[in-house]
Amino acid sequence: MSVARDDAPPTRMRVFIAAWPSDDFLDALSPIDRWLTRESTHRVIPRPQRHLTLAFIGDIEAALLPPLTTALQDAAAGLTPFEVHARGVTGFPSPEKPRIVAMEFEDSRPLQACFDGVLRAVSEVAPVETVLRDLDRRRTPHLTLARTRNTRNARRLHLAKAPQVEACMAFASIQIVRSHLTNAGPEYEILTRIALGPAR
C-alpha cells in the first residue's frame with residue numbers, strides 16, 4: 001500500500017522489509033476472511049496492509065536507506081523468483097489462544113534463502129539484535145490475517161474450524177516499507193521495490 005505524503009523529508013524512518021502478496025493470492029484467502037468476519041472475535045487486517053515481513057528494522061536514520069537499498073539489491077541479485085504454498089491457518093502465541101491469526105507457509109528452501117539474503121543485507125546497516133530477533137520470524141514465516149488484544153476473544157476463536165484453502169504466493173520482488181503510526185492504525189508506504197534476480 002502506498003501513501004502519498006507532503007511532509008518534509010524525515011531524518012528518521014520506521015521501516016521494514018517485506019514481500020507483498022498478489023490479488024490472486026488474497027482472493028484465495030477470502031473464505032477465511034469471511035469466516036473471521038462471522039466469528040467477530042478478531043479485527044481482520046485490511047487487504048492492502050497484508051504482507052509477509054522478512055525483516056523489521058524499526059527506526060533508523062534516513063541516511064541509511066541508500067546503503068540498505070544497495071545491500072538488498074546485491075542480495076536480491078543472487079535469488080530467483082519463486083512460489084510458496086500456503087500451509088494453513090495458525091495462531092500466535094498459540095493456536096489455542098490466538099491473539100494473532102496468520103497464514104503459515106510450507107517449508108521452502110527458496111523462501112529460507114530469501115530470508116537469509118535479506119537478513120545478511122540488513123545486518124550490514126542495522127543493529128545485531130534486529131537480525132537475531134528476525135531469525136524467529138524466519139523459522140515461522142507467516143502473513144497476518146487478523147489480531148486482537150482481548151484474551152477472552154482469543155480463547156473463543158477455534159482455528160480448527162477455519163476453512164481450508166489452496167493458495168500459492170509468488171515472490172518476484174521485495175519491498176522496503178515505511179510504517180506511519182497513526183491513531184487509526186499503521187499506514188504503509190512502499191519506498192523501494194527490488195526485483196529478485198540479476199539486474200537487467
# chains A, B, ... in the order shown; residues from 1 in each chain; ligands from 1

$ select_by_dssp --residues "chain A" --states "strand (DSSP E or B)" --output "PyMOL selection string"
chain A and resi 12-19+43-44+52-61+82-94+97-105+142-147+168-171+173-182+185-195

$ residues_around --residues "stretch 122-125 of chain A" --least-positions-apart "6" --cutoff "12 Å" --atoms "only C-alpha atoms" --output "PyMOL selection string"
chain A and resi 15-17+54-58+60-75+115-116+131-135+176

$ residues_around --residues "stretch 23-28 of chain A" --least-positions-apart "6" --cutoff "10 Å" --atoms "only C-alpha atoms" --output "ChimeraX atom specification"
/A:47-48,50,86,165-170

$ write_last_selection --atoms "N, CA and C atoms" --output "JSON list (two decimals), in the first residue's frame"
[["chain", "number", "residue", "atom", "x", "y", "z"],
["A", 47, "ARG", "N", -6.93, -5.84, 3.34],
["A", 47, "ARG", "CA", -6.13, -6.46, 2.28],
["A", 47, "ARG", "C", -4.91, -5.64, 1.88],
["A", 48, "PRO", "N", -5.03, -4.30, 1.69],
["A", 48, "PRO", "CA", -3.85, -3.54, 1.24],
["A", 48, "PRO", "C", -2.70, -3.55, 2.25],
["A", 50, "ARG", "N", -1.77, -6.27, 4.07],
["A", 50, "ARG", "CA", -1.25, -7.62, 4.30],
["A", 50, "ARG", "C", 0.07, -7.83, 3.58],
["A", 86, "ALA", "N", 0.66, -22.01, 0.66],
["A", 86, "ALA", "CA", 0.13, -21.78, 2.00],
["A", 86, "ALA", "C", -0.13, -23.13, 2.67],
["A", 165, "VAL", "N", -8.00, -23.73, 2.43],
["A", 165, "VAL", "CA", -7.88, -23.12, 1.10],
["A", 165, "VAL", "C", -6.58, -23.59, 0.45],
["A", 166, "GLU", "N", -6.56, -23.51, -0.88],
["A", 166, "GLU", "CA", -5.33, -23.76, -1.62],
["A", 166, "GLU", "C", -4.87, -22.44, -2.21],
["A", 167, "ALA", "N", -3.68, -22.04, -1.83],
["A", 167, "ALA", "CA", -3.17, -20.75, -2.28],
["A", 167, "ALA", "C", -1.66, -20.82, -2.41],
["A", 168, "CYS", "N", -1.15, -20.10, -3.38],
["A", 168, "CYS", "CA", 0.29, -20.09, -3.64],
["A", 168, "CYS", "C", 0.73, -18.63, -3.80],
["A", 169, "MET", "N", 1.71, -18.22, -3.00],
["A", 169, "MET", "CA", 2.18, -16.84, -3.04],
["A", 169, "MET", "C", 3.45, -16.75, -3.87],
["A", 170, "ALA", "N", 3.43, -15.86, -4.83],
["A", 170, "ALA", "CA", 4.58, -15.66, -5.71],
["A", 170, "ALA", "C", 5.50, -14.60, -5.12]]

$ closest_atom_pairs --of "stretch 66-179 of chain A" --to "stretch 33-40 of chain A" --cutoff "8 Å" --atoms "only C-alpha atoms" --output "tab-separated table"
residue	atom	partner	partner_atom	distance
A:Leu145	CA	A:Asp33	CA	7.7
A:Ala146	CA	A:Leu36	CA	7.9
A:Leu157	CA	A:Glu39	CA	7.3
A:Ala162	CA	A:Trp35	CA	6.9
A:Pro163	CA	A:Trp35	CA	7.4

$ closest_residue --among "A:Thr90, A:Leu52, A:Gly117, A:Gln164" --to "A:Ser30" --atoms "only C-alpha atoms"
A:Gln164

$ closest_residue --among "A:Thr144, A:Ser108, A:Ser173, A:Ser94" --to "A:Ile45" --atoms "only C-alpha atoms"
A:Thr144

$ select_by_dssp --residues "stretch 8-119 of chain A" --states "alpha helix (DSSP H)" --output "PyMOL selection string"
chain A and resi 23-28+30-39+65-77+109-119

$ write_last_selection --atoms "C-alpha atoms" --output "PDB file, in the first residue's frame"
ATOM      1  CA  ASP A  23      -4.514 -10.024  -5.577  1.00  0.00           C
ATOM      2  CA  ASP A  24      -4.977 -13.635  -6.703  1.00  0.00           C
ATOM      3  CA  PHE A  25      -3.409 -14.912  -3.501  1.00  0.00           C
ATOM      4  CA  LEU A  26      -5.568 -12.619  -1.365  1.00  0.00           C
ATOM      5  CA  ASP A  27      -8.662 -13.679  -3.323  1.00  0.00           C
ATOM      6  CA  ALA A  28      -7.908 -17.296  -2.435  1.00  0.00           C
ATOM      7  CA  SER A  30     -11.466 -14.836   1.013  1.00  0.00           C
ATOM      8  CA  PRO A  31     -13.239 -17.852   2.639  1.00  0.00           C
ATOM      9  CA  ILE A  32     -11.031 -17.417   5.707  1.00  0.00           C
ATOM     10  CA  ASP A  33     -11.733 -13.683   5.792  1.00  0.00           C
ATOM     11  CA  ARG A  34     -15.480 -14.300   5.662  1.00  0.00           C
ATOM     12  CA  TRP A  35     -15.192 -16.860   8.463  1.00  0.00           C
ATOM     13  CA  LEU A  36     -13.186 -14.459  10.636  1.00  0.00           C
ATOM     14  CA  THR A  37     -15.744 -11.718   9.999  1.00  0.00           C
ATOM     15  CA  ARG A  38     -18.615 -14.012  11.045  1.00  0.00           C
ATOM     16  CA  GLU A  39     -16.773 -15.056  14.217  1.00  0.00           C
ATOM     17  CA  LEU A  65      18.338   3.948   3.284  1.00  0.00           C
ATOM     18  CA  PRO A  66      20.762   4.173   0.305  1.00  0.00           C
ATOM     19  CA  PRO A  67      23.254   1.634   1.745  1.00  0.00           C
ATOM     20  CA  LEU A  68      20.369  -0.574   2.840  1.00  0.00           C
ATOM     21  CA  THR A  69      18.929  -0.462  -0.683  1.00  0.00           C
ATOM     22  CA  THR A  70      22.290  -1.322  -2.216  1.00  0.00           C
ATOM     23  CA  ALA A  71      22.805  -4.252   0.173  1.00  0.00           C
ATOM     24  CA  LEU A  72      19.315  -5.607  -0.591  1.00  0.00           C
ATOM     25  CA  GLN A  73      19.837  -5.203  -4.338  1.00  0.00           C
ATOM     26  CA  ASP A  74      23.027  -7.249  -4.077  1.00  0.00           C
ATOM     27  CA  ALA A  75      21.178  -9.931  -2.079  1.00  0.00           C
ATOM     28  CA  ALA A  76      18.223  -9.991  -4.484  1.00  0.00           C
ATOM     29  CA  ALA A  77      20.537 -10.409  -7.470  1.00  0.00           C
ATOM     30  CA  ARG A 109      14.334 -23.614   0.507  1.00  0.00           C
ATOM     31  CA  PRO A 110      13.849 -20.597  -1.803  1.00  0.00           C
ATOM     32  CA  LEU A 111      11.880 -18.790   0.914  1.00  0.00           C
ATOM     33  CA  GLN A 112      14.536 -19.535   3.517  1.00  0.00           C
ATOM     34  CA  ALA A 113      17.207 -18.365   1.074  1.00  0.00           C
ATOM     35  CA  CYS A 114      15.249 -15.136   0.635  1.00  0.00           C
ATOM     36  CA  PHE A 115      15.098 -14.630   4.411  1.00  0.00           C
ATOM     37  CA  ASP A 116      18.824 -15.368   4.707  1.00  0.00           C
ATOM     38  CA  GLY A 117      19.734 -12.925   1.950  1.00  0.00           C
ATOM     39  CA  VAL A 118      17.580 -10.167   3.439  1.00  0.00           C
ATOM     40  CA  LEU A 119      18.929 -10.701   6.950  1.00  0.00           C
TER      41      LEU A 119
END

$ closest_residue --among "A:Ile100, A:Ile194, A:Val89, A:Val177" --to "A:Met13" --atoms "only C-alpha atoms"
A:Val177

$ decode --residues "stretch 13-47 of chain A" --atoms "N, CA, C and O atoms" --output "tab-separated table (two decimals), in the first residue's frame"
chain	number	residue	atom	x	y	z
A	13	MET	N	13.23	7.15	10.04
A	13	MET	CA	12.09	6.43	9.50
A	13	MET	C	11.92	5.10	10.22
A	13	MET	O	12.91	4.49	10.64
A	14	ARG	N	10.68	4.66	10.34
A	14	ARG	CA	10.38	3.34	10.87
A	14	ARG	C	10.15	2.44	9.66
A	14	ARG	O	9.18	2.62	8.92
A	15	VAL	N	11.05	1.49	9.42
A	15	VAL	CA	11.00	0.72	8.17
A	15	VAL	C	11.08	-0.78	8.44
A	15	VAL	O	11.53	-1.23	9.49
A	16	PHE	N	10.62	-1.52	7.45
A	16	PHE	CA	10.77	-2.97	7.46
A	16	PHE	C	10.88	-3.46	6.02
A	16	PHE	O	10.60	-2.72	5.07
A	17	ILE	N	11.30	-4.71	5.87
A	17	ILE	CA	11.45	-5.33	4.56
A	17	ILE	C	10.36	-6.38	4.44
A	17	ILE	O	10.15	-7.18	5.36
A	18	ALA	N	9.66	-6.40	3.31
A	18	ALA	CA	8.50	-7.29	3.18
A	18	ALA	C	8.35	-7.80	1.76
A	18	ALA	O	8.97	-7.30	0.82
A	19	ALA	N	7.50	-8.82	1.64
A	19	ALA	CA	7.03	-9.30	0.34
A	19	ALA	C	5.52	-9.12	0.32
A	19	ALA	O	4.83	-9.50	1.28
A	20	TRP	N	5.01	-8.52	-0.75
A	20	TRP	CA	3.58	-8.21	-0.85
A	20	TRP	C	2.88	-9.29	-1.68
A	20	TRP	O	3.34	-9.65	-2.76
A	21	PRO	N	1.75	-9.81	-1.20
A	21	PRO	CA	1.03	-10.84	-1.95
A	21	PRO	C	0.26	-10.25	-3.13
A	21	PRO	O	-0.12	-9.07	-3.11
A	22	SER	N	0.00	-11.09	-4.11
A	22	SER	CA	-0.78	-10.67	-5.28
A	22	SER	C	-2.27	-10.67	-4.93
A	22	SER	O	-2.70	-11.28	-3.94
A	23	ASP	N	-3.07	-10.01	-5.76
A	23	ASP	CA	-4.51	-10.02	-5.58
A	23	ASP	C	-5.07	-11.44	-5.68
A	23	ASP	O	-6.01	-11.80	-4.96
A	24	ASP	N	-4.51	-12.25	-6.56
A	24	ASP	CA	-4.98	-13.63	-6.70
A	24	ASP	C	-4.79	-14.42	-5.41
A	24	ASP	O	-5.66	-15.20	-5.01
A	25	PHE	N	-3.65	-14.22	-4.77
A	25	PHE	CA	-3.41	-14.91	-3.50
A	25	PHE	C	-4.40	-14.45	-2.44
A	25	PHE	O	-4.99	-15.27	-1.72
A	26	LEU	N	-4.62	-13.14	-2.35
A	26	LEU	CA	-5.57	-12.62	-1.37
A	26	LEU	C	-6.99	-13.07	-1.67
A	26	LEU	O	-7.77	-13.34	-0.75
A	27	ASP	N	-7.34	-13.17	-2.95
A	27	ASP	CA	-8.66	-13.68	-3.32
A	27	ASP	C	-8.87	-15.10	-2.81
A	27	ASP	O	-9.95	-15.47	-2.35
A	28	ALA	N	-7.81	-15.91	-2.88
A	28	ALA	CA	-7.91	-17.30	-2.44
A	28	ALA	C	-8.14	-17.40	-0.94
A	28	ALA	O	-8.68	-18.41	-0.45
A	29	LEU	N	-7.77	-16.37	-0.19
A	29	LEU	CA	-7.97	-16.36	1.26
A	29	LEU	C	-9.34	-15.83	1.67
A	29	LEU	O	-9.66	-15.80	2.87
A	30	SER	N	-10.17	-15.44	0.71
A	30	SER	CA	-11.47	-14.84	1.01
A	30	SER	C	-12.35	-15.70	1.91
A	30	SER	O	-13.02	-15.18	2.81
A	31	PRO	N	-12.41	-17.05	1.73
A	31	PRO	CA	-13.24	-17.85	2.64
A	31	PRO	C	-12.81	-17.72	4.10
A	31	PRO	O	-13.66	-17.71	5.00
A	32	ILE	N	-11.52	-17.59	4.34
A	32	ILE	CA	-11.03	-17.42	5.71
A	32	ILE	C	-11.43	-16.04	6.23
A	32	ILE	O	-11.85	-15.89	7.38
A	33	ASP	N	-11.34	-15.03	5.38
A	33	ASP	CA	-11.73	-13.68	5.79
A	33	ASP	C	-13.21	-13.64	6.17
A	33	ASP	O	-13.59	-13.02	7.17
A	34	ARG	N	-14.05	-14.30	5.36
A	34	ARG	CA	-15.48	-14.30	5.66
A	34	ARG	C	-15.75	-15.02	6.98
A	34	ARG	O	-16.60	-14.60	7.78
A	35	TRP	N	-15.03	-16.12	7.22
A	35	TRP	CA	-15.19	-16.86	8.46
A	35	TRP	C	-14.77	-16.01	9.66
A	35	TRP	O	-15.48	-15.95	10.67
A	36	LEU	N	-13.64	-15.32	9.55
A	36	LEU	CA	-13.19	-14.46	10.64
A	36	LEU	C	-14.18	-13.33	10.90
A	36	LEU	O	-14.44	-12.97	12.06
A	37	THR	N	-14.76	-12.79	9.84
A	37	THR	CA	-15.74	-11.72	10.00
A	37	THR	C	-16.98	-12.23	10.72
A	37	THR	O	-17.53	-11.56	11.61
A	38	ARG	N	-17.44	-13.44	10.37
A	38	ARG	CA	-18.62	-14.01	11.04
A	38	ARG	C	-18.33	-14.29	12.52
A	38	ARG	O	-19.20	-14.09	13.38
A	39	GLU	N	-17.11	-14.74	12.83
A	39	GLU	CA	-16.77	-15.06	14.22
A	39	GLU	C	-16.73	-13.80	15.08
A	39	GLU	O	-17.04	-13.84	16.28
A	40	SER	N	-16.35	-12.68	14.49
A	40	SER	CA	-16.36	-11.36	15.17
A	40	SER	C	-15.53	-11.34	16.45
A	40	SER	O	-15.88	-10.65	17.41
A	41	THR	N	-14.44	-12.09	16.47
A	41	THR	CA	-13.57	-12.09	17.65
A	41	THR	C	-12.30	-11.30	17.44
A	41	THR	O	-11.69	-10.83	18.40
A	42	HIS	N	-11.88	-11.16	16.18
A	42	HIS	CA	-10.61	-10.51	15.86
A	42	HIS	C	-10.83	-9.44	14.79
A	42	HIS	O	-11.77	-9.54	13.98
A	43	ARG	N	-9.95	-8.45	14.80
A	43	ARG	CA	-10.00	-7.41	13.76
A	43	ARG	C	-9.26	-7.93	12.53
A	43	ARG	O	-8.07	-8.23	12.59
A	44	VAL	N	-9.99	-8.05	11.43
A	44	VAL	CA	-9.39	-8.55	10.19
A	44	VAL	C	-8.51	-7.46	9.59
A	44	VAL	O	-8.92	-6.30	9.45
A	45	ILE	N	-7.29	-7.83	9.23
A	45	ILE	CA	-6.35	-6.88	8.63
A	45	ILE	C	-6.81	-6.53	7.21
A	45	ILE	O	-7.08	-7.43	6.41
A	46	PRO	N	-6.92	-5.24	6.87
A	46	PRO	CA	-7.34	-4.87	5.51
A	46	PRO	C	-6.39	-5.45	4.46
A	46	PRO	O	-5.17	-5.54	4.68
A	47	ARG	N	-6.93	-5.84	3.34
A	47	ARG	CA	-6.13	-6.46	2.28
A	47	ARG	C	-4.91	-5.64	1.88
A	47	ARG	O	-3.82	-6.19	1.73
